[in-house]
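K.L.:
Before I ask anything, let me first share the structure, which is written out below as structure tokens.
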Amino acid sequence: MSTKHDAIVIGLGIVGCACAWALSRRGLRVLAVGDAPIGGGATAAGMGHVAIMDDSEAQFRLTARSSELWMALRDELPSEAAVDYCGTLWVAADEEELNAAKGKHAFYQKRGVRTEVLDETSIAEAEPNLRSGLAGGLRIIDDSIVYPPVVCEWMLAEVVRRGGAVRFAHVTGATRTRVQLDGGDVIDAGVVVLAGGDVSARLCAWLPVRPRKGHLVITDRYPGFCRHELVELGYLKNAHSHAAESVAFNLQPRPTGQMLLGSSRQYGVEHEEVEARMVAWVIERAKLYMPRIGSLRVVRAWTGFRAATPDSLPIIGGRDGVDEPVIATGHEGLGLTTSLGTAELIAAILTGAPTPLDAAAYSASRDFGGHDGH
Amino acid sequence: MGTETREVIELFIDERSVRVAPGASVAAAVMNAGKACRASVTGERRAALCGMGVCFECRVEIDGVLHERSCMIEVSEGMRVRTVDAG
Amino acid sequence: MRAERARVAVVGAGPAGIAAAVAARSCGARVVLLDDNPDMGGQIWRRVQDGPAGEWRERVKQSGAEIRGGVTVFDAEKVGGRVRLRCDGAAGASVIDAERVVLATGARELFLPFPGWTLPGVFGVGGLQALVKNGLDVRGKRIVVGGTGPLLLAVAAYLSDRGARIELIAEQADKSRMLGFAGAMIRQPGKLLQGAKLRASIIDVEYRFGAWIAEARGDDRVRQVVMSDGGVIEVDAVACGYGLVGNTQLAQVVGVGIGHQASAIGERQEGTRHLALGTGEEQTQEGIGHQASGIWGRQEGTGHLARGTREDGRKSKETRSADPKAGAWRGRVVVDDVMRTSVEGVLCAGEPLGIGGVETSLVEGTMAGYTAAGREELARGLIPRRRRERAFAAAMERTFALREEVLRLARPETIVCRCEDVTMARIAACDHWRGAKLLTRCGMGPCQGRVCGAAVEAMMGWRVRDARPPIYPVSMNALAATGGAMEDA
Ligand SMILES: Cc1cc2nc3c(=O)[nH]c(=O)nc-3n(C[C@H](O)[C@H](O)[C@H](O)COP(=O)(O)OP(=O)(O)OC[C@H]3O[C@@H](n4cnc5c(N)ncnc54)[C@H](O)[C@@H]3O)c2cc1C
Ligand SMILES: Cc1cc2nc3c(=O)[nH]c(=O)nc-3n(C[C@H](O)[C@H](O)[C@H](O)COP(=O)(O)OP(=O)(O)OC[C@H]3O[C@@H](n4cnc5c(N)ncnc54)[C@H](O)[C@@H]3O)c2cc1C
Ligand code: FES
């Protein structure tokens, strides 16, 4: 049996799985290697919200392209992937936030994204459990939710069907064309892609990627309690700020009828324990928007680590003349969404396949403003 | 606690009046009335299994609160219980 | 929200917790005794007012311990040298900062899935007894009692006493094993039947060894059982349970070491609450292993997680624990010889240390109470008694070791996870508990894997050790109220 692989992808999270899948769809024989279960890592912890975002033009393009790719995939995915086009409802608490919503509306309209501004009355009708007196909101009609671990498994099954393989092992060293596994095995390939999430810097020390912890809680089933993915517009102001700790109201109705509530952002926390203080803070924040949520019963709480970069954009591609893997990480709080765009871009870089995305915006060689991530 | 001195307690299971001895669990009252407790996520009828608060099979709606473990709650006067077998 | 301090808090008011409260009070410590049931007594003394149960109830009431029923402890955490218990209940959320906590959280039944076990009318053995004690009417009902352990006989007797018609008692262990155990029983005859008066009525019932319930059939409820020999019995209810598993969730979240060997004393342990991450040397060199299976073809290598076990959050040394049949897969809290766990200020007694029965729980509870109150020397005096009780328990565990067949009753379409309706086929396609959770939602429902996790541990040999707060479903309000800063508590 030949051991020659066209590509090795390190990491079995959604980014690694999407890259392996995209490369094998373009005819490469891919070995996917990871040290956690398929879809483990941040991917298992995330909310699974596919959102078109507008913080920057580069972020918009990547999320919008990815959203298109998710839409194209929706009928292929197994039903357990629980795809649901529930839309996002950005909630504006006051006039200032409503103005911001209108600004976003204009931004999206210009770029062909379907959105709708809601006033005080229509937001109350759309989500009766929101407190009264909110100024309004912005609905992003084609945003969706998905359950990522099942997508990961589905993608890797396809990789295997196309002659690729999956291996569970910890990678201790990697170059552009070789990986070394814990235990000493060395495997060569045409190219190595590193999609190791927030711990990618262990294999590529320069990477300016920092773990940013998040807490989520999920309730028992309360079908109809909310209908859209709800996000406070205050999120704009604080989520991407680089404060040590923040929380923002973010509620997702799972297709099961469960309510998934997020989320917190913490830098510098080195353990994965569920912190009662953070959970309490997340819930208090939610109660400002949905007082009735307090009586819902939480069945589980958990944490995950996002891979944060200094400019909040992922790092996609290789650095010329450096013998290190091609990078696909740093997706922070949007990696589920942007995994498909990332994979398309990686495939374009490695195989010349077409993509509407501009590689330069996410390049590993871009200026990170002096941050070294450590 | 008032109920302790009563000889029977009247509660309503799926809108029907049921009389039980004080101190009984809601699960016992529900099953004595010939009912199951909840619908599973694929729609199976389920009733109490563990009797001690562990399995969550005995969940019913009590006085408007969803997902209560009926084996861990004592009946009380006028209580309104809703099971999978409601209407 | 109520916030308070206590010298000693005891979680669980079964025999172990009651004994712990009495012992600690006798040394003058202020004690709070908490249980999630409305009334104290735990499993064996549920609704029992006479005999030893009555004596201990009286003793603890006289002791001056503060007894609170209907209180669920959903989290325990070390905060500033004390142990913070987060609680919820009918009286609202509360926080107790205790100098010492005794975990006396008892055990739950082990249920092994078989076709039809989700039908209404199929209960646990202890489960049916508990329900009947709380008012379920079994008069005239035809019942088959199956599974394993001394509980079968005790419960059959109890049900018969309540007017049920016991059709058969089916004990999976072979008679040859029972003979050895019978010797032990004769030496300590009181043990098996405490809490249950054996009545003449039960003597007519067939007690069949090496037999088990293979299937339950019915429509809107159970109507028949099919026995291991193919025989069919008409029934109105089924009681089936395969022994007990200790409740170690609270111990897990506070970071107490959990071991796996049959002896509870001085064994290997694992687990710390705070896993370091990031710094190279601190890497935890274990995680969820990966076994070959299914569509992935050949797989190899034990997984080495870069950062402990992420969502699982606890270390685990190996994927597959020891021989399931020997019972060694059951995780047990590890304590020293006076009931202290690996976490300062946290003690443990009774079933979480390994299934021991009521006498064991009483001795260990007493020891834990003394140690918690600072009178370790009194606890030491009880070491020989504890050793005797544990030896008996170990013999019992060997006698009722599970046979292979009862671990294989589920068919591919049999539901294993009852909260999320996940079938055996879907679970069997996975490699480990974490993978099964992620891909099938097994264990993701409100029971948090208490039923399916224990079953899967026994059936698949997977390590299931992933308790996280809240260990029981609680309202958002309770989490919000108890999670805040409490420095002045
Ligand atoms: C609380 C929270 C909520 C989120 N919500 C959303 C959301 O709603 N929408 C959205 O789009 N995104 C969301 N995200 C972000 C998203 O989850 C992540 O960006 C995404 O999952 C990252 O995927 P990944 O594959 O890069 O990383 P991971 O999923 O972390 O996978 C990386 C894998 O690589 C493995 N690995 C690393 N190093 C090695 C090595 N040396 N050898 C072998 N294997 C290695 C790791 O073990 C890991 O399994 C959220 C994140 C969090 C934490
Ligand atoms: C139905 C039944 C009948 C039994 N009959 C016998 C018998 O006849 N003879 C015999 O020797 N053994 C019997 N056993 C075994 C029995 O478990 C032990 O003998 C004895 O009850 C163990 O005492 P314990 O105090 O360790 O645990 P338990 O009696 O199980 O008490 C633990 C208590 O802690 C509570 N608890 C657990 N977690 C929490 C939490 N987080 N917050 C609040 N409260 C909590 C539980 O609800 C329970 O009330 C029986 C078991 C069962 C299930
Ligand atoms: S019967 Fe199991 S929780 Fe009530």
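Following the order of the structure tokens, chains are lettered A, B, ..., residues in each are numbered from 1, and ligands are numbered from 1.
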Chain B residues within 12 Å of chain A, counting only C-alpha atoms: which ones, as number ranges by chain?

P.N.:
B: 39-42, 56, 59, 61, 64-68

K.L.:
Show me which residues sit within 8 Å of ligand 3 when counting only C-alpha atoms and all ligand atoms, and put them as a PDB file with C-alpha atoms, in the first residue's frame.

P.N.:
ATOM      1  CA  ALA B  27     -45.590  10.243  39.411  1.00  0.00           C
ATOM      2  CA  ALA B  47     -43.341   6.818  32.110  1.00  0.00           C
ATOM      3  CA  ALA B  48     -41.294   6.705  35.292  1.00  0.00           C
ATOM      4  CA  LEU B  49     -38.314   4.353  35.323  1.00  0.00           C
ATOM      5  CA  CYS B  50     -35.996   5.066  38.247  1.00  0.00           C
ATOM      6  CA  GLY B  51     -38.362   6.531  40.822  1.00  0.00           C
ATOM      7  CA  MET B  52     -35.530   8.540  42.324  1.00  0.00           C
ATOM      8  CA  GLY B  53     -34.938  11.637  40.242  1.00  0.00           C
ATOM      9  CA  VAL B  54     -32.237  10.231  38.016  1.00  0.00           C
ATOM     10  CA  CYS B  55     -33.742   9.253  34.665  1.00  0.00           C
ATOM     11  CA  PHE B  56     -35.996  12.228  33.822  1.00  0.00           C
ATOM     12  CA  GLU B  57     -38.520   9.931  32.165  1.00  0.00           C
ATOM     13  CA  CYS B  58     -41.269  11.055  34.519  1.00  0.00           C
ATOM     14  CA  ARG B  59     -41.273  14.647  33.366  1.00  0.00           C
ATOM     15  CA  ARG B  69     -39.699  15.330  37.568  1.00  0.00           C
ATOM     16  CA  SER B  70     -42.958  14.006  38.909  1.00  0.00           C
ATOM     17  CA  CYS B  71     -41.293  11.322  41.050  1.00  0.00           C
ATOM     18  CA  MET B  72     -39.547  13.976  43.142  1.00  0.00           C
TER      19      MET B  72
ATOM     20  CA  GLY C 127     -37.226   2.283  40.994  1.00  0.00           C
ATOM     21  CA  LEU C 131     -42.494   4.591  43.334  1.00  0.00           C
TER      22      LEU C 131
END

K.L.:
Show me which residues are within 7 Å of ligand 2 counting only C-alpha atoms and all ligand atoms, and format the list as a ChimeraX atom specification.

P.N.:
/B:52 /C:11-17,34-37,40-45,71-74,104-109,125-127,129-130,151,154,191-196,247,250,349-351,356-359,361

K.L.:
Do you have the atom CA of A:Gly304-atom CA of C:Val334 distance handy?

P.N.:
29.2 Å

K.L.:
Compile the residues of chain A that lie within 8 Å of chain C, evaluated using only C-alpha atoms, and express the compilation as a short mmCIF file (atom, residue, chain, number, x, y, z; two decimals) with N, CA and C atoms, in the first residue's frame.

P.N.:
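The resulting file, out-v2.cif, is shown below:
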data_model
loop_
_atom_site.label_atom_id
_atom_site.label_comp_id
_atom_site.auth_asym_id
_atom_site.auth_seq_id
_atom_site.Cartn_x
_atom_site.Cartn_y
_atom_site.Cartn_z
N ASP A 35 -5.76 15.03 17.02
CA ASP A 35 -5.57 14.37 18.30
C ASP A 35 -6.82 14.44 19.18
N ALA A 36 -7.90 14.93 18.62
CA ALA A 36 -9.16 14.97 19.35
C ALA A 36 -10.21 14.31 18.47
N PRO A 37 -11.35 13.96 19.03
CA PRO A 37 -12.37 13.33 18.20
C PRO A 37 -12.77 14.23 17.03
N ILE A 38 -13.32 13.63 16.01
CA ILE A 38 -13.79 14.38 14.85
C ILE A 38 -14.78 15.44 15.29
N GLY A 39 -14.52 16.68 14.88
CA GLY A 39 -15.42 17.76 15.29
C GLY A 39 -15.25 18.15 16.75
N GLY A 40 -14.17 17.70 17.38
CA GLY A 40 -13.89 18.11 18.76
C GLY A 40 -13.31 19.52 18.75
N GLY A 41 -12.57 19.90 19.75
CA GLY A 41 -11.99 21.23 19.78
C GLY A 41 -13.05 22.30 19.86
N ALA A 44 -16.72 21.60 18.54
CA ALA A 44 -17.75 20.96 19.34
C ALA A 44 -18.40 21.96 20.29
N ALA A 45 -17.63 22.98 20.65
CA ALA A 45 -18.11 23.92 21.65
C ALA A 45 -18.92 25.06 21.06
N PRO A 149 -20.32 19.15 14.45
CA PRO A 149 -19.62 17.85 14.49
C PRO A 149 -20.15 16.87 13.44
N VAL A 150 -21.43 16.91 13.18
CA VAL A 150 -21.99 16.00 12.17
C VAL A 150 -21.48 16.37 10.78
N GLU A 153 -18.00 14.95 10.43
CA GLU A 153 -17.97 13.52 10.17
C GLU A 153 -18.37 13.23 8.72
N ALA A 157 -16.01 11.42 5.97
CA ALA A 157 -16.47 10.20 5.30
C ALA A 157 -16.26 10.35 3.80
N VAL A 160 -12.61 9.93 2.94
CA VAL A 160 -12.25 8.52 2.93
C VAL A 160 -12.76 7.85 1.66
N ALA A 165 -7.68 9.33 4.02
CA ALA A 165 -7.66 8.58 5.28
C ALA A 165 -7.73 9.54 6.45
N VAL A 166 -8.11 8.98 7.59
CA VAL A 166 -8.17 9.75 8.83
C VAL A 166 -7.31 9.05 9.85
N ARG A 167 -6.54 9.79 10.57
CA ARG A 167 -5.67 9.16 11.58
C ARG A 167 -5.74 9.98 12.86
N PHE A 168 -5.86 9.27 13.97
CA PHE A 168 -5.91 9.95 15.26
C PHE A 168 -4.54 9.91 15.89
N ALA A 169 -3.88 11.03 15.91
CA ALA A 169 -2.54 11.10 16.49
C ALA A 169 -2.21 12.56 16.78
N HIS A 170 -1.32 12.76 17.71
CA HIS A 170 -0.83 14.10 18.00
C HIS A 170 0.37 14.38 17.12
N VAL A 199 -4.53 26.20 19.33
CA VAL A 199 -3.21 25.75 19.77
C VAL A 199 -2.25 25.56 18.59
N ASP A 220 -33.33 22.70 28.46
CA ASP A 220 -34.25 21.65 28.06
C ASP A 220 -35.07 22.20 26.88
N GLU A 270 -6.68 29.96 31.47
CA GLU A 270 -5.92 28.82 30.99
C GLU A 270 -6.57 27.47 31.27
N HIS A 271 -7.77 27.45 31.73
CA HIS A 271 -8.39 26.15 31.99
C HIS A 271 -9.80 26.15 31.40
N GLU A 272 -10.32 24.95 31.17
CA GLU A 272 -11.58 24.83 30.47
C GLU A 272 -12.77 24.67 31.40
N GLU A 273 -12.53 24.86 32.70
CA GLU A 273 -13.64 24.69 33.64
C GLU A 273 -14.78 25.64 33.33
N VAL A 274 -15.99 25.18 33.57
CA VAL A 274 -17.15 26.06 33.55
C VAL A 274 -17.06 26.95 34.79
N ALA A 276 -18.70 29.46 37.29
CA ALA A 276 -20.05 29.86 37.72
C ALA A 276 -20.26 31.36 37.54
N ARG A 277 -19.22 32.11 37.81
CA ARG A 277 -19.31 33.57 37.68
C ARG A 277 -19.61 33.99 36.24
N MET A 278 -18.95 33.35 35.28
CA MET A 278 -19.17 33.71 33.88
C MET A 278 -20.56 33.27 33.42
N VAL A 279 -20.96 32.09 33.85
CA VAL A 279 -22.30 31.61 33.49
C VAL A 279 -23.35 32.58 34.01
N ALA A 280 -23.17 33.00 35.25
CA ALA A 280 -24.13 33.94 35.86
C ALA A 280 -24.18 35.23 35.05
N TRP A 281 -23.02 35.68 34.62
CA TRP A 281 -22.94 36.94 33.88
C TRP A 281 -23.66 36.81 32.53
N ILE A 283 -26.05 34.85 31.81
CA ILE A 283 -27.51 34.77 32.04
C ILE A 283 -28.07 36.14 32.42
N GLU A 284 -27.38 36.86 33.28
CA GLU A 284 -27.86 38.20 33.67
C GLU A 284 -28.01 39.09 32.43
N ILE A 293 -36.51 34.36 30.35
CA ILE A 293 -35.57 33.26 30.13
C ILE A 293 -35.12 32.67 31.46
N GLY A 294 -35.24 33.48 32.52
CA GLY A 294 -34.77 33.04 33.84
C GLY A 294 -35.40 31.76 34.32
N SER A 295 -36.64 31.49 33.88
CA SER A 295 -37.31 30.29 34.39
C SER A 295 -37.00 29.05 33.56
N LEU A 296 -36.32 29.22 32.44
CA LEU A 296 -35.96 28.05 31.64
C LEU A 296 -34.89 27.23 32.35
N ARG A 297 -34.95 25.92 32.14
CA ARG A 297 -34.02 25.06 32.86
C ARG A 297 -32.81 24.72 31.99
N VAL A 298 -31.64 24.94 32.55
CA VAL A 298 -30.39 24.64 31.86
C VAL A 298 -30.04 23.18 32.06
N VAL A 299 -29.77 22.46 30.99
CA VAL A 299 -29.38 21.06 31.18
C VAL A 299 -27.87 20.87 31.15
N ARG A 300 -27.16 21.76 30.49
CA ARG A 300 -25.70 21.61 30.45
C ARG A 300 -25.06 22.96 30.23
N ALA A 301 -23.81 23.08 30.68
CA ALA A 301 -23.00 24.25 30.38
C ALA A 301 -21.64 23.75 29.92
N TRP A 302 -20.97 24.51 29.07
CA TRP A 302 -19.63 24.09 28.64
C TRP A 302 -18.83 25.30 28.18
N THR A 303 -17.59 25.06 27.87
CA THR A 303 -16.72 26.13 27.42
C THR A 303 -15.98 25.71 26.16
N GLY A 304 -15.43 26.67 25.47
CA GLY A 304 -14.60 26.38 24.31
C GLY A 304 -13.61 27.52 24.11
#

K.L.:
Run DSSP on the backbone and tell me which residues of stretch 32-108 of chain A come out as alpha helix (DSSP H); list them as a VMD selection string.

P.N.:
chain A and resid 41 to 45 57 to 73 95 to 108

K.L.:
Within 7 Å of ligand 1, counting only C-alpha atoms and all ligand atoms, which protein or nucleic acid residues do you find, written as a CSV table (one decimal) with C-alpha atoms, in the first residue's frame?

P.N.:
chain,number,residue,atom,x,y,z
A,10,ILE,CA,-3.7,18.7,10.8
A,11,GLY,CA,-6.8,19.2,12.9
A,12,LEU,CA,-10.2,17.5,12.8
A,13,GLY,CA,-12.2,20.6,13.7
A,14,ILE,CA,-14.5,22.2,11.2
A,15,VAL,CA,-11.7,24.1,9.4
A,16,GLY,CA,-9.5,21.0,9.0
A,33,VAL,CA,-4.7,13.9,11.3
A,34,GLY,CA,-6.0,15.1,14.6
A,35,ASP,CA,-5.6,14.4,18.3
A,36,ALA,CA,-9.2,15.0,19.4
A,37,PRO,CA,-12.4,13.3,18.2
A,39,GLY,CA,-15.4,17.8,15.3
A,40,GLY,CA,-13.9,18.1,18.8
A,41,GLY,CA,-12.0,21.2,19.8
A,42,ALA,CA,-13.7,24.6,19.4
A,43,THR,CA,-15.9,23.1,16.8
A,44,ALA,CA,-17.8,21.0,19.3
A,45,ALA,CA,-18.1,23.9,21.7
A,46,GLY,CA,-19.3,26.5,19.2
A,47,MET,CA,-22.9,27.7,18.6
A,48,GLY,CA,-23.0,26.8,14.9
A,49,HIS,CA,-24.4,30.1,13.7
A,50,VAL,CA,-23.7,30.8,10.0
A,51,ALA,CA,-23.6,34.5,10.0
A,169,ALA,CA,-2.5,11.1,16.5
A,170,HIS,CA,-0.8,14.1,18.0
A,171,VAL,CA,1.5,15.9,15.6
A,172,THR,CA,4.7,16.9,17.2
A,195,ALA,CA,-5.8,23.8,11.0
A,196,GLY,CA,-5.0,23.3,14.7
A,197,GLY,CA,-7.3,25.9,16.0
A,198,ASP,CA,-6.2,28.0,19.0
A,199,VAL,CA,-3.2,25.8,19.8
A,200,SER,CA,-1.8,26.0,16.2
A,202,ARG,CA,2.6,24.9,19.1
A,203,LEU,CA,3.6,23.8,15.7
A,213,LYS,CA,-12.5,31.3,26.1
A,214,GLY,CA,-16.3,31.2,25.8
A,215,HIS,CA,-19.1,29.8,27.9
A,216,LEU,CA,-22.4,28.5,26.6
A,262,GLY,CA,-24.1,32.6,24.8
A,263,SER,CA,-21.7,33.9,25.3
A,303,THR,CA,-16.7,26.1,27.4
A,304,GLY,CA,-14.6,26.4,24.3
A,305,PHE,CA,-11.6,28.3,23.0
A,306,ARG,CA,-11.7,30.5,20.0
A,307,ALA,CA,-8.5,31.2,18.1
A,329,THR,CA,-6.5,29.1,11.6
A,330,GLY,CA,-7.4,32.2,13.6
A,331,HIS,CA,-11.1,32.1,12.9
A,332,GLU,CA,-12.1,33.4,16.3
A,333,GLY,CA,-15.8,33.4,16.8
A,334,LEU,CA,-16.7,32.8,13.1
A,335,GLY,CA,-14.8,29.7,12.2
A,336,LEU,CA,-17.8,27.5,11.7
A,337,THR,CA,-19.2,30.0,9.2
A,338,THR,CA,-15.9,30.8,7.5
C,305,LEU,CA,-4.8,16.0,23.7
C,306,ALA,CA,-2.9,19.2,23.5

K.L.:
Smallest atom-to-atom distance to chain B: which of C:Val245, C:Ala368, C:Leu353, C:Leu382, using only C-alpha atoms?

P.N.:
C:Val245

K.L.:
What is the distance, in Å and to one decimal place, between atom CA of A:Leu130 and atom CA of C:Ala91?

P.N.:
27.6 Å
